[in-house]
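*Asks:* Starting off with a structure, shown below.
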Amino acid sequence: MFKKIMAAVLCGAMTIGCLTGCGEDETAEKSGIANFTAPKKGEQVIVMNIKDYGEVKIKLFPEYADKGVENFVEHAKEGYYDGLTFHRVISDFMIQGGDPLGTGTGGESIWGGKFDGGTDEHLIHAAGAVAYANSGATLDNPSPTASNGSQFYIVTGTVYDDATLEQMAAYYGTTFTDEAKEIYTTVGGTPWLDGGYTIFGQVYDGLDVIFEVQNVATDSASNKPLEDVIMESVKVGEYDGEDIRWYMSDYQ
């Protein structure tokens, strides 16, 4: 298990009873983990159209990841992501894109170069979480999130049982709250990434599209899709009060 996890690493309690087809008023807003907090009408959201696959809508969390949200929103307004690909796709883990070079080596922030988006305990790597890829900590800069640029990933992950989460917590020297455990054992995600990456959004509609993309054929060495998966457009929109589809178990 941990060998598989390490090989794939990127360079309160909440009730999960209403995650399918829930409107804003039906989605309980709890203290603690905020991934599944419903957007409010008129709130700024991201609308992504993946060519040949469909539309994905993303809630943003400026209250927990202000620089991360600002970076993504301004890039989207400028059309930076339009036409770029998801260059790295790993089933049961995530899909990664946002690199103008399409190789995983390019991209920069709206400020030029890299930026530090930090982390926040209110956001975890649940299925549908959106976060910045980074190149890890260095001796010169021990904060891995200081190497954020334009590349981001959307979590697909898998569902874990309590025993595996306990083993993972011991292995990484971390802890999972009861709320996080409930999410990871019900909705799933990539819990071992918590605390190391800047999460700034959550897919609230179109996660079925993301789960379809994660199963494309890829090169075994690079995890690059054999046929380009293109972000036809990534735009800034407003939540209009439509029903929310955070997650559906049959996506997997």
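Naming scheme: A, B, ... for chains in displayed order of the structure tokens; residues 1 onward per chain; ligands 1 onward as shown.
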Fewer than 4 positions away in the same chain doesn't count, so skip those; otherwise give me all residues within 10 Å of Gly102 (chain A), counting only C-alpha atoms, as a PyMOL selection string.

*Replies:* chain A and resi 84-88+97-98+106-107+151+224+228

*Asks:* So that I can check the surroundings of region 187-204 of chain A, please list as a count of residues only every protein, DNA and RNA residue that reaches within 7 Å of it, counting only C-alpha atoms and ignoring chain neighbours fewer than 2 positions away.

*Replies:* 41

*Asks:* Could you pull out all residues of region 15-228 of chain A with a DSSP call of strand (DSSP E or B) and give them as a ChimeraX atom specification?

*Replies:* /A:22,44-50,54-60,85-90,94-97,115,126,129-132,148,152-155,158,189,199-205,218,225

*Asks:* Based on the selection just made, write N, CA and C atoms of those residues as a CSV table (one decimal), in the first residue's frame.

*Replies:*
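As a result, again.csv now contains:
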chain,number,residue,atom,x,y,z
A,22,CYS,N,-28.0,17.6,-4.1
A,22,CYS,CA,-28.4,18.5,-3.0
A,22,CYS,C,-28.3,19.9,-3.4
A,44,GLN,N,-18.3,33.5,-6.7
A,44,GLN,CA,-17.4,33.3,-7.8
A,44,GLN,C,-17.1,31.8,-7.9
A,45,VAL,N,-17.2,31.2,-9.0
A,45,VAL,CA,-16.8,29.8,-9.2
A,45,VAL,C,-16.1,29.6,-10.5
A,46,ILE,N,-15.5,28.4,-10.7
A,46,ILE,CA,-14.8,28.1,-11.9
A,46,ILE,C,-15.6,27.2,-12.8
A,47,VAL,N,-15.7,27.4,-14.0
A,47,VAL,CA,-16.4,26.6,-15.0
A,47,VAL,C,-15.4,26.1,-16.0
A,48,MET,N,-15.1,24.8,-16.0
A,48,MET,CA,-14.1,24.2,-16.9
A,48,MET,C,-14.8,23.3,-17.9
A,49,ASN,N,-14.5,23.5,-19.1
A,49,ASN,CA,-15.0,22.6,-20.2
A,49,ASN,C,-13.9,21.7,-20.7
A,50,ILE,N,-13.9,20.4,-20.5
A,50,ILE,CA,-12.9,19.5,-21.0
A,50,ILE,C,-13.4,18.9,-22.3
A,54,GLY,N,-16.8,17.0,-21.1
A,54,GLY,CA,-17.9,17.7,-20.5
A,54,GLY,C,-17.5,18.8,-19.5
A,55,GLU,N,-18.4,19.3,-18.8
A,55,GLU,CA,-18.2,20.5,-18.0
A,55,GLU,C,-18.0,20.1,-16.5
A,56,VAL,N,-17.1,20.9,-15.9
A,56,VAL,CA,-16.7,20.7,-14.5
A,56,VAL,C,-16.9,22.0,-13.8
A,57,LYS,N,-17.5,22.1,-12.6
A,57,LYS,CA,-17.7,23.3,-11.9
A,57,LYS,C,-17.0,23.2,-10.5
A,58,ILE,N,-16.3,24.2,-10.1
A,58,ILE,CA,-15.4,24.2,-9.0
A,58,ILE,C,-15.7,25.3,-8.0
A,59,LYS,N,-16.0,25.0,-6.8
A,59,LYS,CA,-16.2,26.0,-5.7
A,59,LYS,C,-14.8,26.4,-5.3
A,60,LEU,N,-14.6,27.7,-4.9
A,60,LEU,CA,-13.3,28.2,-4.5
A,60,LEU,C,-13.4,28.6,-3.0
A,85,THR,N,-3.5,21.0,-21.6
A,85,THR,CA,-3.9,19.6,-21.4
A,85,THR,C,-3.8,19.2,-20.0
A,86,PHE,N,-4.4,18.0,-19.7
A,86,PHE,CA,-4.1,17.3,-18.5
A,86,PHE,C,-2.9,16.3,-18.9
A,87,HIS,N,-1.7,16.7,-18.5
A,87,HIS,CA,-0.6,16.0,-19.0
A,87,HIS,C,-0.2,14.8,-18.1
A,88,ARG,N,-0.8,14.6,-17.0
A,88,ARG,CA,-0.5,13.5,-16.1
A,88,ARG,C,-1.8,13.0,-15.4
A,89,VAL,N,-2.1,11.7,-15.7
A,89,VAL,CA,-3.3,11.1,-15.3
A,89,VAL,C,-3.0,9.8,-14.7
A,90,ILE,N,-3.4,9.6,-13.4
A,90,ILE,CA,-3.2,8.3,-12.7
A,90,ILE,C,-4.6,7.9,-12.1
A,94,MET,N,-5.3,11.0,-9.3
A,94,MET,CA,-5.6,12.4,-9.7
A,94,MET,C,-5.4,12.6,-11.2
A,95,ILE,N,-5.9,13.8,-11.7
A,95,ILE,CA,-5.5,14.2,-13.0
A,95,ILE,C,-4.8,15.6,-12.8
A,96,GLN,N,-3.8,15.8,-13.5
A,96,GLN,CA,-2.9,17.0,-13.3
A,96,GLN,C,-2.8,17.8,-14.7
A,97,GLY,N,-2.9,19.1,-14.6
A,97,GLY,CA,-2.7,19.9,-15.8
A,97,GLY,C,-2.3,21.3,-15.4
A,115,PHE,N,4.9,30.8,-6.1
A,115,PHE,CA,4.4,31.5,-5.0
A,115,PHE,C,4.1,30.5,-3.9
A,126,ALA,N,-10.1,15.3,-0.3
A,126,ALA,CA,-11.3,14.5,-0.6
A,126,ALA,C,-11.4,14.4,-2.1
A,129,ALA,N,-11.3,17.4,-4.7
A,129,ALA,CA,-10.5,18.6,-4.2
A,129,ALA,C,-9.5,19.0,-5.3
A,130,VAL,N,-9.3,20.3,-5.4
A,130,VAL,CA,-8.4,20.9,-6.4
A,130,VAL,C,-7.3,21.6,-5.7
A,131,ALA,N,-6.1,21.3,-6.1
A,131,ALA,CA,-4.9,21.8,-5.4
A,131,ALA,C,-3.7,22.1,-6.4
A,132,TYR,N,-2.8,22.8,-5.9
A,132,TYR,CA,-1.6,23.1,-6.8
A,132,TYR,C,-0.6,22.0,-6.6
A,148,ASN,N,4.6,26.5,-5.7
A,148,ASN,CA,3.3,26.5,-6.5
A,148,ASN,C,3.5,27.4,-7.7
A,152,PHE,N,-2.0,22.4,-11.5
A,152,PHE,CA,-2.9,22.0,-10.5
A,152,PHE,C,-3.4,20.5,-10.7
A,153,TYR,N,-4.0,19.9,-9.7
A,153,TYR,CA,-4.5,18.6,-9.9
A,153,TYR,C,-5.9,18.5,-9.3
A,154,ILE,N,-6.7,17.6,-9.8
A,154,ILE,CA,-8.0,17.3,-9.2
A,154,ILE,C,-8.0,15.9,-8.7
A,155,VAL,N,-8.3,15.7,-7.4
A,155,VAL,CA,-8.2,14.4,-6.8
A,155,VAL,C,-9.4,13.5,-7.2
A,158,THR,N,-9.3,7.1,-3.8
A,158,THR,CA,-10.0,5.8,-3.5
A,158,THR,C,-10.5,5.9,-2.1
A,189,GLY,N,-10.5,9.7,-1.3
A,189,GLY,CA,-9.6,10.8,-1.7
A,189,GLY,C,-8.1,10.3,-1.6
A,199,ILE,N,-4.6,23.3,-1.2
A,199,ILE,CA,-6.0,23.0,-1.7
A,199,ILE,C,-6.7,24.4,-1.8
A,200,PHE,N,-7.3,24.6,-2.9
A,200,PHE,CA,-8.0,25.9,-3.1
A,200,PHE,C,-9.4,25.8,-3.6
A,201,GLY,N,-9.9,24.6,-4.0
A,201,GLY,CA,-11.2,24.4,-4.6
A,201,GLY,C,-11.7,23.0,-4.4
A,202,GLN,N,-13.0,22.8,-4.8
A,202,GLN,CA,-13.6,21.5,-4.7
A,202,GLN,C,-14.7,21.4,-5.8
A,203,VAL,N,-14.6,20.3,-6.6
A,203,VAL,CA,-15.6,20.1,-7.7
A,203,VAL,C,-16.9,19.9,-7.0
A,204,TYR,N,-17.9,20.7,-7.5
A,204,TYR,CA,-19.3,20.5,-6.9
A,204,TYR,C,-20.2,20.0,-8.0
A,205,ASP,N,-19.8,20.0,-9.2
A,205,ASP,CA,-20.6,19.4,-10.3
A,205,ASP,C,-19.6,18.9,-11.4
A,218,THR,N,-2.8,5.8,-20.9
A,218,THR,CA,-1.7,6.6,-20.7
A,218,THR,C,-0.4,5.9,-20.9
A,225,PRO,N,-1.5,11.0,-21.0
A,225,PRO,CA,-2.5,10.4,-21.9
A,225,PRO,C,-2.0,10.2,-23.3

*Asks:* If you measure from CA of Glu238 (chain A) to CA of Gly112 (chain A), what distance in Å do you get, rounded to one decimal?

*Replies:*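 The value is 27.1 Å.
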
*Asks:* To one decimal place, how far is CA of Phe176 (chain A) from CA of Asp162 (chain A) in Å?

*Replies:*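 So the answer is 10.3 Å.
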
*Asks:* Please indicate the distance in Å from CA of Tyr53 (chain A) to CA of Val229 (chain A), rounded to one decimal place.

*Replies:*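 Interatomic distance here is 8.7 Å.
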
*Asks:* Return the single residue from A:Glu232, A:Asp208, A:Asp120, A:Asp161 that is closest to Pro62 (chain A), with distances computed using only C-alpha atoms.

*Replies:*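 Of all the options, A:Asp120 lies closest to Pro62 (chain A).
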